[in-house]
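Note: the block below is data.cif and it holds mmCIF, C-alpha atoms.
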data_structure
#
loop_
_atom_site.label_atom_id
_atom_site.label_comp_id
_atom_site.auth_asym_id
_atom_site.auth_seq_id
_atom_site.Cartn_x
_atom_site.Cartn_y
_atom_site.Cartn_z
CA MET A 10 -73.06 63.96 13.29
CA LYS A 11 -74.69 61.04 15.09
CA ASP A 12 -73.39 62.30 18.46
CA LEU A 13 -74.79 65.77 17.77
CA GLU A 14 -78.19 64.32 16.94
CA LEU A 15 -78.05 62.20 20.09
CA ALA A 16 -77.14 65.28 22.14
CA GLN A 17 -80.21 67.10 20.80
CA GLU A 18 -82.36 64.08 21.64
CA LEU A 19 -80.94 64.14 25.17
CA LEU A 20 -81.88 67.80 25.61
CA LYS A 21 -85.42 67.10 24.47
CA ALA A 22 -85.65 64.01 26.68
CA LYS A 23 -84.33 65.94 29.69
CA ASP A 24 -87.05 68.58 29.34
CA GLU A 25 -89.71 65.88 29.04
CA VAL A 26 -88.39 63.96 32.06
CA VAL A 27 -88.34 67.12 34.18
CA GLN A 28 -91.87 67.92 33.01
CA GLU A 29 -93.07 64.49 34.16
CA ILE A 30 -91.26 64.78 37.51
CA ARG A 31 -92.84 68.21 38.02
CA LYS A 32 -96.29 66.56 37.97
CA ILE A 33 -95.39 64.95 41.30
CA ILE A 34 -92.49 66.89 42.83
CA VAL A 35 -92.84 70.56 43.82
CA GLY A 36 -89.64 72.63 43.93
CA GLN A 37 -86.22 70.98 44.54
CA ASP A 38 -84.89 72.28 41.19
CA LYS A 39 -81.23 71.87 42.18
CA VAL A 40 -81.83 68.34 43.49
CA ILE A 41 -83.48 67.30 40.23
CA ASP A 42 -80.65 68.82 38.16
CA ASP A 43 -78.02 66.99 40.23
CA LEU A 44 -79.98 63.76 40.00
CA LEU A 45 -80.08 63.92 36.19
CA VAL A 46 -76.35 64.72 35.98
CA ALA A 47 -75.58 61.64 38.10
CA LEU A 48 -78.01 59.50 36.11
CA PHE A 49 -76.30 60.17 32.79
CA CYS A 50 -72.86 59.72 34.39
CA LYS A 51 -73.87 56.26 35.69
CA GLY A 52 -73.22 57.70 39.15
CA HIS A 53 -74.75 56.53 42.41
CA CYS A 54 -76.16 59.20 44.75
CA LEU A 55 -76.57 59.59 48.50
CA PHE A 56 -79.47 61.84 49.49
CA VAL A 57 -79.26 63.50 52.90
CA GLY A 58 -82.32 65.17 54.38
CA VAL A 59 -84.86 64.97 57.17
CA PRO A 60 -87.91 62.70 56.70
CA GLY A 61 -90.80 63.94 54.61
CA LEU A 62 -88.90 65.83 51.89
CA ALA A 63 -89.99 63.44 49.10
CA LYS A 64 -86.60 61.78 48.58
CA THR A 65 -88.18 58.36 48.04
CA LEU A 66 -90.96 59.83 45.92
CA LEU A 67 -88.46 61.66 43.70
CA VAL A 68 -86.50 58.49 42.91
CA SER A 69 -89.58 56.37 42.24
CA THR A 70 -91.02 59.15 40.03
CA LEU A 71 -87.77 59.26 38.04
CA ALA A 72 -87.93 55.49 37.52
CA GLN A 73 -91.49 55.79 36.21
CA ALA A 74 -90.59 58.63 33.84
CA LEU A 75 -87.65 56.59 32.47
CA ASN A 76 -89.71 53.37 32.31
CA LEU A 77 -87.07 51.51 34.33
CA ASP A 78 -87.42 48.69 36.87
CA PHE A 79 -87.46 50.08 40.40
CA SER A 80 -86.82 48.44 43.78
CA ARG A 81 -87.04 50.03 47.20
CA ILE A 82 -85.06 48.40 50.00
CA GLN A 83 -85.87 49.55 53.53
CA PHE A 84 -82.63 49.17 55.45
CA THR A 85 -83.20 47.95 59.02
CA PRO A 86 -80.89 46.52 61.73
CA ASP A 87 -82.05 42.95 60.98
CA LEU A 88 -81.61 43.16 57.18
CA MET A 89 -79.31 40.43 55.84
CA PRO A 90 -77.06 40.54 52.74
CA SER A 91 -79.19 37.82 51.12
CA ASP A 92 -82.25 40.08 51.50
CA ILE A 93 -80.53 42.39 49.00
CA THR A 94 -78.71 40.07 46.60
CA GLY A 95 -81.02 37.06 46.68
CA THR A 96 -80.28 33.52 47.77
CA ASP A 97 -80.16 29.88 46.65
CA ILE A 98 -83.30 27.94 47.53
CA LEU A 99 -83.52 24.13 47.51
CA HIS A 100 -86.05 23.32 44.81
CA GLU A 101 -87.57 19.95 43.96
CA ASP A 102 -88.39 19.21 40.34
CA PRO A 103 -92.03 17.95 40.32
CA GLU A 104 -91.36 15.66 37.35
CA THR A 105 -88.08 14.01 38.32
CA GLY A 106 -88.19 14.50 42.08
CA LYS A 107 -84.58 15.67 41.92
CA ARG A 108 -83.58 18.42 44.31
CA VAL A 109 -81.45 21.28 43.01
CA PHE A 110 -80.55 24.76 44.22
CA GLN A 111 -82.36 27.53 42.41
CA PHE A 112 -81.24 31.16 42.68
CA ILE A 113 -83.99 33.57 43.67
CA HIS A 114 -83.14 37.12 42.59
CA GLY A 115 -83.12 39.81 45.26
CA PRO A 116 -84.30 43.41 44.87
CA VAL A 117 -80.81 44.49 43.70
CA PHE A 118 -81.75 43.04 40.30
CA SER A 119 -83.45 46.22 39.11
CA ASN A 120 -82.38 49.28 37.15
CA ILE A 121 -82.88 51.81 39.93
CA ILE A 122 -82.41 50.82 43.57
CA LEU A 123 -83.58 53.02 46.41
CA ALA A 124 -81.58 52.12 49.54
CA ASP A 125 -83.77 53.81 52.12
CA GLU A 126 -81.99 54.85 55.34
CA ILE A 127 -78.85 52.97 54.37
CA ASN A 128 -77.14 53.87 57.66
CA ARG A 129 -79.67 51.87 59.69
CA THR A 130 -78.27 48.46 58.73
CA PRO A 131 -75.01 46.81 59.91
CA PRO A 132 -71.81 47.13 57.82
CA LYS A 133 -72.00 43.52 56.58
CA THR A 134 -75.31 44.25 54.88
CA GLN A 135 -74.17 47.66 53.64
CA ALA A 136 -71.19 45.90 52.04
CA ALA A 137 -73.55 43.67 50.06
CA LEU A 138 -74.22 46.68 47.87
CA LEU A 139 -70.52 47.39 47.40
CA GLN A 140 -69.76 44.83 44.70
CA ALA A 141 -73.02 45.64 42.92
CA MET A 142 -72.30 49.37 42.88
CA GLN A 143 -68.71 49.03 41.74
CA GLU A 144 -68.72 45.96 39.50
CA LYS A 145 -72.38 45.81 38.38
CA LYS A 146 -72.60 42.17 39.46
CA VAL A 147 -73.23 40.08 42.58
CA THR A 148 -71.76 36.77 43.75
CA VAL A 149 -73.94 34.29 45.65
CA GLY A 150 -73.01 30.71 46.48
CA GLY A 151 -69.90 30.87 44.32
CA ASN A 152 -71.87 31.98 41.25
CA THR A 153 -71.64 35.45 39.73
CA TYR A 154 -74.70 37.16 38.27
CA ILE A 155 -74.48 40.21 35.98
CA LEU A 156 -76.90 43.03 36.74
CA ASP A 157 -79.05 44.55 34.03
CA GLN A 158 -78.08 47.98 32.73
CA PRO A 159 -78.61 50.77 33.48
CA PHE A 160 -77.96 50.13 37.18
CA LEU A 161 -78.01 52.95 39.74
CA VAL A 162 -78.20 53.05 43.52
CA PHE A 163 -79.85 56.04 45.15
CA ALA A 164 -79.48 55.88 48.93
CA THR A 165 -81.01 58.07 51.63
CA GLN A 166 -79.76 59.09 55.07
CA ASN A 167 -81.50 60.86 57.92
CA PRO A 168 -79.03 63.45 59.31
CA ILE A 169 -80.78 64.07 62.65
CA GLU A 170 -81.11 60.61 64.20
CA HIS A 171 -77.89 58.87 65.21
CA GLU A 172 -79.11 56.24 67.66
CA GLY A 173 -79.10 52.78 66.13
CA THR A 174 -77.24 53.90 63.02
CA TYR A 175 -74.09 52.59 61.37
CA PRO A 176 -72.22 55.39 59.57
CA LEU A 177 -71.08 54.37 56.10
CA PRO A 178 -67.34 53.65 55.96
CA GLU A 179 -65.23 55.89 53.73
CA ALA A 180 -64.67 53.09 51.19
CA GLN A 181 -68.41 52.79 50.61
CA LEU A 182 -69.06 56.53 50.70
CA ASP A 183 -66.49 56.89 47.93
CA ARG A 184 -68.64 54.68 45.68
CA PHE A 185 -71.26 57.41 45.58
CA MET A 186 -70.59 59.99 42.88
CA PHE A 187 -72.72 62.67 44.53
CA ILE A 188 -73.98 63.51 47.96
CA ILE A 189 -77.15 65.57 47.49
CA ASN A 190 -78.53 67.64 50.35
CA VAL A 191 -82.31 67.93 50.25
CA SER A 192 -83.53 71.05 52.05
CA TYR A 193 -86.93 72.26 53.24
CA PRO A 194 -89.26 73.77 50.62
CA THR A 195 -90.05 77.47 50.55
CA GLN A 196 -93.36 78.66 52.00
CA GLU A 197 -94.92 78.97 48.54
CA GLU A 198 -93.71 75.49 47.56
CA GLU A 199 -95.01 73.99 50.80
CA ILE A 200 -98.44 75.54 50.20
CA ASN A 201 -98.49 73.94 46.74
CA ILE A 202 -97.40 70.61 48.24
CA ALA A 203 -100.12 70.76 50.89
CA LEU A 204 -102.80 71.60 48.31
CA SER A 205 -101.74 69.06 45.65
CA THR A 206 -101.25 66.11 48.00
CA THR A 207 -104.61 66.59 49.75
CA SER A 208 -106.72 67.11 46.62
CA GLY A 209 -107.33 63.41 45.98
CA HIS A 210 -106.04 63.80 42.42
CA LEU A 211 -103.19 61.53 41.37
CA PRO A 212 -101.33 62.72 38.26
CA THR A 213 -100.62 60.13 35.56
CA LEU A 214 -97.00 59.87 34.49
CA LYS A 215 -96.03 59.22 30.88
CA PRO A 216 -92.85 57.15 30.31
CA VAL A 217 -90.42 59.31 28.35
CA LEU A 218 -87.46 56.98 27.76
CA ASN A 219 -86.55 53.33 28.01
CA ALA A 220 -83.51 51.43 29.27
CA GLN A 221 -81.74 51.33 25.91
CA GLN A 222 -82.11 55.07 25.36
CA VAL A 223 -80.76 55.81 28.84
CA ILE A 224 -77.73 53.61 28.10
CA GLU A 225 -77.11 55.46 24.82
CA PHE A 226 -77.19 58.82 26.60
CA GLN A 227 -74.87 57.49 29.32
CA GLU A 228 -72.40 56.39 26.63
CA LEU A 229 -72.57 59.85 25.04
CA VAL A 230 -71.42 61.75 28.16
CA PRO A 231 -67.76 60.54 28.09
CA GLN A 232 -67.54 61.73 24.46
CA VAL A 233 -67.92 65.38 25.53
CA PRO A 234 -64.50 67.05 25.12
CA VAL A 235 -62.70 68.64 28.04
CA SER A 236 -59.56 70.74 27.71
CA GLN A 237 -56.28 70.10 29.51
CA TYR A 238 -56.82 73.44 31.26
CA VAL A 239 -60.19 72.37 32.75
CA ALA A 240 -58.86 68.93 33.71
CA LYS A 241 -55.87 70.55 35.44
CA TYR A 242 -58.21 72.83 37.41
CA ALA A 243 -60.33 69.85 38.54
CA VAL A 244 -57.26 67.94 39.70
CA GLU A 245 -55.80 70.97 41.51
CA LEU A 246 -59.12 71.44 43.29
CA VAL A 247 -59.04 67.84 44.51
CA GLN A 248 -55.36 67.85 45.44
CA SER A 249 -55.88 71.04 47.45
CA THR A 250 -58.13 69.09 49.84
CA ARG A 251 -55.19 66.91 50.96
CA PRO A 252 -53.26 68.26 53.95
CA ASN A 253 -50.23 66.07 53.19
CA GLN A 254 -50.12 66.84 49.46
CA ASN A 255 -46.80 68.19 48.24
CA GLY A 256 -47.10 71.64 46.72
CA SER A 257 -49.31 74.62 47.47
CA THR A 258 -51.80 73.14 49.92
CA PRO A 259 -53.70 76.04 51.57
CA ASP A 260 -52.92 76.65 55.24
CA PHE A 261 -56.56 76.22 56.30
CA VAL A 262 -56.55 72.72 54.77
CA ARG A 263 -53.56 71.68 56.89
CA GLU A 264 -55.23 73.24 59.93
CA TRP A 265 -58.71 71.73 59.66
CA ILE A 266 -58.70 68.73 57.29
CA ASP A 267 -57.56 65.27 58.35
CA TRP A 268 -57.99 63.44 55.02
CA GLY A 269 -58.73 64.82 51.56
CA ALA A 270 -60.40 63.46 48.47
CA GLY A 271 -58.84 60.69 46.37
CA PRO A 272 -58.39 60.36 42.60
CA ARG A 273 -61.97 59.15 42.12
CA ALA A 274 -63.07 62.69 43.00
CA SER A 275 -61.06 64.06 40.05
CA GLN A 276 -62.70 61.53 37.74
CA TYR A 277 -66.19 62.41 38.97
CA LEU A 278 -65.53 66.16 38.73
CA ILE A 279 -64.61 65.86 35.06
CA LEU A 280 -67.37 63.37 34.26
CA GLY A 281 -69.96 65.48 36.08
CA ALA A 282 -68.76 68.60 34.25
CA LYS A 283 -69.20 66.80 30.93
CA ALA A 284 -72.78 65.81 31.77
CA LYS A 285 -73.55 69.30 33.06
CA ALA A 286 -72.29 70.83 29.79
CA LEU A 287 -74.29 68.37 27.72
CA LEU A 288 -77.51 68.99 29.66
CA ASP A 289 -76.98 72.75 29.32
CA ASN A 290 -76.61 72.45 25.53
CA ARG A 291 -72.87 73.15 25.36
CA VAL A 292 -70.31 71.24 23.32
CA SER A 293 -67.48 71.12 25.88
CA ALA A 294 -67.01 71.17 29.64
CA THR A 295 -65.83 74.36 31.34
CA VAL A 296 -64.36 75.44 34.70
CA GLU A 297 -67.84 76.65 35.65
CA ASP A 298 -69.19 73.12 35.08
CA VAL A 299 -66.53 71.72 37.41
CA GLN A 300 -67.47 74.29 40.04
CA ALA A 301 -71.17 73.45 39.62
CA VAL A 302 -70.63 69.82 40.64
CA CYS A 303 -67.69 70.13 43.07
CA ARG A 304 -69.78 70.45 46.25
CA GLN A 305 -71.71 67.28 45.50
CA VAL A 306 -68.51 65.39 44.63
CA LEU A 307 -66.27 66.61 47.46
CA GLU A 308 -68.52 66.92 50.51
CA HIS A 309 -68.42 63.23 51.51
CA ARG A 310 -64.75 62.82 50.56
CA ILE A 311 -63.28 65.36 52.98
CA ILE A 312 -62.74 64.33 56.61
CA LEU A 313 -62.29 67.15 59.11
CA ASN A 314 -60.06 66.87 62.18
CA PHE A 315 -60.99 67.40 65.83
CA LYS A 316 -59.94 71.05 65.74
CA ALA A 317 -62.40 71.80 62.94
CA GLU A 318 -65.20 70.05 64.82
CA ALA A 319 -64.35 71.95 68.01
CA GLU A 320 -64.49 75.23 66.10
CA ASN A 321 -67.76 74.21 64.37
CA ILE A 322 -66.15 74.26 60.93
CA LYS A 323 -68.18 72.39 58.30
CA VAL A 324 -67.08 70.60 55.14
CA SER A 325 -69.25 72.97 53.10
CA ASP A 326 -67.24 75.89 54.55
CA MET A 327 -64.02 74.20 53.41
CA ILE A 328 -65.32 73.72 49.87
CA GLU A 329 -66.38 77.37 49.62
CA LYS A 330 -62.91 78.47 50.76
CA LEU A 331 -61.27 76.10 48.26
CA LEU A 332 -63.34 77.52 45.40
CA LYS A 333 -62.14 81.00 46.31
CA THR A 334 -58.53 79.92 46.85
CA VAL A 335 -57.88 77.63 43.88
CA LYS A 336 -57.68 79.87 40.83
CA ALA A 337 -58.75 78.67 37.40
#

Please render this file's structure as structure tokens.
Amino acid sequence: MKDLELAQELLKAKDEVVQEIRKIIVGQDKVIDDLLVALFCKGHCLFVGVPGLAKTLLVSTLAQALNLDFSRIQFTPDLMPSDITGTDILHEDPETGKRVFQFIHGPVFSNIILADEINRTPPKTQAALLQAMQEKKVTVGGNTYILDQPFLVFATQNPIEHEGTYPLPEAQLDRFMFIINVSYPTQEEEINIALSTTSGHLPTLKPVLNAQQVIEFQELVPQVPVSQYVAKYAVELVQSTRPNQNGSTPDFVREWIDWGAGPRASQYLILGAKAKALLDNRVSATVEDVQAVCRQVLEHRIILNFKAEAENIKVSDMIEKLLKTVKA
């Protein structure tokens, strides 16, 4: 009974959060839906889109609506790991005169982290986020510090500029639950954006939730039941992306895909389906829920071969073909 009551509270909270976000963000309905699914799954997200599509604004607005601590880290070529995690500073006690090292927390010690243009910083600095994203803690100077919960990393990438960038390695890409493509607004939406942002009026956001409530909702998602049938479909979908998988791998996968998705994709498909069902006011996850989140889960976990690139085949094309090929 308590879980049912909590599920109803989540539905109400979701509507209120979206209402607050809508005060600032025009359009991008699918992006907002995906963002909320990832949030309640404790999943990190990678946003891909050209500059000026309000990716940063969306994340900061979400943090305000949830009343969570927010940090924005602008990734640049000269950014150091200590600029993210924090560092030990030699501190002199004014009373005793004794010098001791004092740890100064970095921006990673927040609930929501916006890693802006994450592919603009060298791999060593990108890796500083790795332990935080996976283990929810950081180690500096031999000491380990636990991060406050909830903890989520939302990173952005610019898909059109490649000079001076450092593509994320597959191991780090795999830490992101979703890749979310942010597209241009429609003409009507862009008119509304142009009018609202040049009016001089700044909407006031009302905090809807707090950290403890977000944690409770995140703990509710895994409790959503999923049948063996739906789980089997999710796993078959993931295994079908692997060209060297024993069994009925589609011919086009062997022809165009170099590496497929790993087991973490199966986990995220099922977890995302659970959150999707919960946010749509349903008591169990379905095949349709798996299909609704599969593009976001699989797109950055499939590596195409040279033949696919030569023939201008895209990962999104592969996912569409898989959805038509793998039968529920």

Considering all atoms listed in the file, give me a table of residues in range 76-111 of chain A that are at most 7 Å from range 127-130 of chain A, with the closest atom pair and distance in Å for each, as JSON lines.
{"residue": "A:Phe84", "atom": "CA", "partner": "A:Ile127", "partner_atom": "CA", "distance": 5.5}
{"residue": "A:Thr85", "atom": "CA", "partner": "A:Thr130", "partner_atom": "CA", "distance": 5.0}
{"residue": "A:Pro86", "atom": "CA", "partner": "A:Thr130", "partner_atom": "CA", "distance": 4.4}
{"residue": "A:Leu88", "atom": "CA", "partner": "A:Thr130", "partner_atom": "CA", "distance": 6.5}

As an mmCIF file with C-alpha atoms, in the coordinates of the input, please: the residues near Val223 in chain A (cut-off 12 Å, all atoms listed in the file, same-chain neighbours under 4 positions excluded).
data_model
loop_
_atom_site.group_PDB
_atom_site.id
_atom_site.type_symbol
_atom_site.label_atom_id
_atom_site.label_comp_id
_atom_site.auth_asym_id
_atom_site.auth_seq_id
_atom_site.Cartn_x
_atom_site.Cartn_y
_atom_site.Cartn_z
ATOM 1 C CA LEU A 15 -78.050 62.200 20.090
ATOM 2 C CA GLU A 18 -82.360 64.080 21.640
ATOM 3 C CA LEU A 19 -80.940 64.140 25.170
ATOM 4 C CA ALA A 22 -85.650 64.010 26.680
ATOM 5 C CA LYS A 23 -84.330 65.940 29.690
ATOM 6 C CA VAL A 26 -88.390 63.960 32.060
ATOM 7 C CA LEU A 45 -80.080 63.920 36.190
ATOM 8 C CA LEU A 48 -78.010 59.500 36.110
ATOM 9 C CA PHE A 49 -76.300 60.170 32.790
ATOM 10 C CA CYS A 50 -72.860 59.720 34.390
ATOM 11 C CA LYS A 51 -73.870 56.260 35.690
ATOM 12 C CA ALA A 72 -87.930 55.490 37.520
ATOM 13 C CA ALA A 74 -90.590 58.630 33.840
ATOM 14 C CA LEU A 75 -87.650 56.590 32.470
ATOM 15 C CA ASN A 76 -89.710 53.370 32.310
ATOM 16 C CA LEU A 77 -87.070 51.510 34.330
ATOM 17 C CA ASN A 120 -82.380 49.280 37.150
ATOM 18 C CA ILE A 121 -82.880 51.810 39.930
ATOM 19 C CA GLN A 158 -78.080 47.980 32.730
ATOM 20 C CA PRO A 159 -78.610 50.770 33.480
ATOM 21 C CA PHE A 160 -77.960 50.130 37.180
ATOM 22 C CA LEU A 161 -78.010 52.950 39.740
ATOM 23 C CA VAL A 217 -90.420 59.310 28.350
ATOM 24 C CA LEU A 218 -87.460 56.980 27.760
ATOM 25 C CA ASN A 219 -86.550 53.330 28.010
ATOM 26 C CA GLN A 227 -74.870 57.490 29.320
ATOM 27 C CA GLU A 228 -72.400 56.390 26.630
ATOM 28 C CA LEU A 229 -72.570 59.850 25.040
ATOM 29 C CA VAL A 230 -71.420 61.750 28.160
#

Can you list what the PyMOL selection byres ((chain A and resi 143) around 10) grabs from this structure, as a PyMOL selection string? chain A and resi 53+138-142+144-146+181+184-185

Of the residues A:Glu197, A:Glu320, A:Glu126, A:Asp298, which is the one nearest to Tyr175 in chain A, using all atoms listed in the file?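 Ranking A:Glu197, A:Glu320, A:Glu126, A:Asp298 by distance to Tyr175 in chain A, first place goes to A:Glu126.
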
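For the pair CA of Pro259 in chain A and CA of Thr334 in chain A, the separation is 7.8 Å.
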
Point-to-point distance in Å for CA of Gly36 in chain A and CA of Pro194 in chain A: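 Calculated distance between CA of Pro194 in chain A and CA of Gly36 in chain A is 6.8 Å.
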
Per residue of range 147-240 of chain A within 8 Å of range 303-318 of chain A, which atom pair is closest and at what distance in Å (one decimal), using all atoms listed in the file, listed by chain and increasing number, as CSV?
residue,atom,partner,partner_atom,distance
A:Glu179,CA,A:Arg310,CA,7.6
A:Leu182,CA,A:His309,CA,6.8
A:Asp183,CA,A:Arg310,CA,6.7
A:Met186,CA,A:Val306,CA,6.0
A:Phe187,CA,A:Gln305,CA,4.8
A:Ile188,CA,A:Gln305,CA,5.0
A:Ile189,CA,A:Gln305,CA,6.0

Please list, as a ChimeraX atom specification, the residues that have an atom at most 6 Å away from (-81.3, 42.4, 48.8) in the coordinates of this file, counting all atoms listed in the file. /A:91-95,115-117

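Take the PyMOL selection byres ((chain A and resi 29-33) around 7) and apply it to this file: it picks Glu25, Val26, Val27, Gln28, Ile34, Val35, Thr70, Leu71, Ala74, Pro212, Leu214 and Lys215 of chain A.
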
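Atom pair CA of Pro168 in chain A / CA of Gly52 in chain A: separated by 21.8 Å.
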
Take the PyMOL selection byres ((chain A and resi 165) around 7), apply it to the structure above, and return the hits as a PyMOL selection string. chain A and resi 55-57+124-127+163-164+166-167

Counting all atoms listed in the file, which residue out of A:Ala274, A:Cys54, A:Ile266, A:Val296 sits closest to Ala240 in chain A?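 Of A:Ala274, A:Cys54, A:Ile266, A:Val296, the one nearest Ala240 in chain A, counting all atoms listed in the file, is A:Val296.
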
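If you count all atoms listed in the file and ignore residues fewer than 6 places along the chain from Val292 in chain A, what sits within 8 Å of it is Val233, Pro234 and Ala286 of chain A.
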
Can you work out which one of A:Gly281, A:Val299, A:Val324, A:Tyr242 has the shortest atom-to-atom distance to Asp42 in chain A, counting only C-alpha atoms?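 Among A:Gly281, A:Val299, A:Val324, A:Tyr242, it is A:Gly281 that comes nearest to Asp42 in chain A.
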
Near-range 327-333 of chain A list (8 Å; all atoms listed in the file; drop same-chain fewer than 4 positions) as a PDB file with C-alpha atoms, in the frame of the given file:
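Here's the written file around25.pdb:
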ATOM      1  CA  LEU A 246     -59.120  71.440  43.290  1.00  0.00           C
ATOM      2  CA  SER A 249     -55.880  71.040  47.450  1.00  0.00           C
ATOM      3  CA  THR A 250     -58.130  69.090  49.840  1.00  0.00           C
ATOM      4  CA  VAL A 262     -56.550  72.720  54.770  1.00  0.00           C
ATOM      5  CA  GLN A 300     -67.470  74.290  40.040  1.00  0.00           C
ATOM      6  CA  ARG A 304     -69.780  70.450  46.250  1.00  0.00           C
ATOM      7  CA  LEU A 307     -66.270  66.610  47.460  1.00  0.00           C
ATOM      8  CA  GLU A 308     -68.520  66.920  50.510  1.00  0.00           C
ATOM      9  CA  ILE A 322     -66.150  74.260  60.930  1.00  0.00           C
ATOM     10  CA  LYS A 323     -68.180  72.390  58.300  1.00  0.00           C
TER      11      LYS A 323
END

Using all atoms listed in the file, which of the listed residues (A:Val235, A:Gln73, A:Glu199, A:Ser275) sits closest to Gly61 in chain A?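 Using all atoms listed in the file, Gly61 in chain A sits closest to A:Glu199.
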
Quick one: of A:Ala319, A:Leu278, A:Leu44, A:Leu13, who's nearest to Val244 in chain A, counting only C-alpha atoms?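 The closest residue to Val244 in chain A is A:Leu278.
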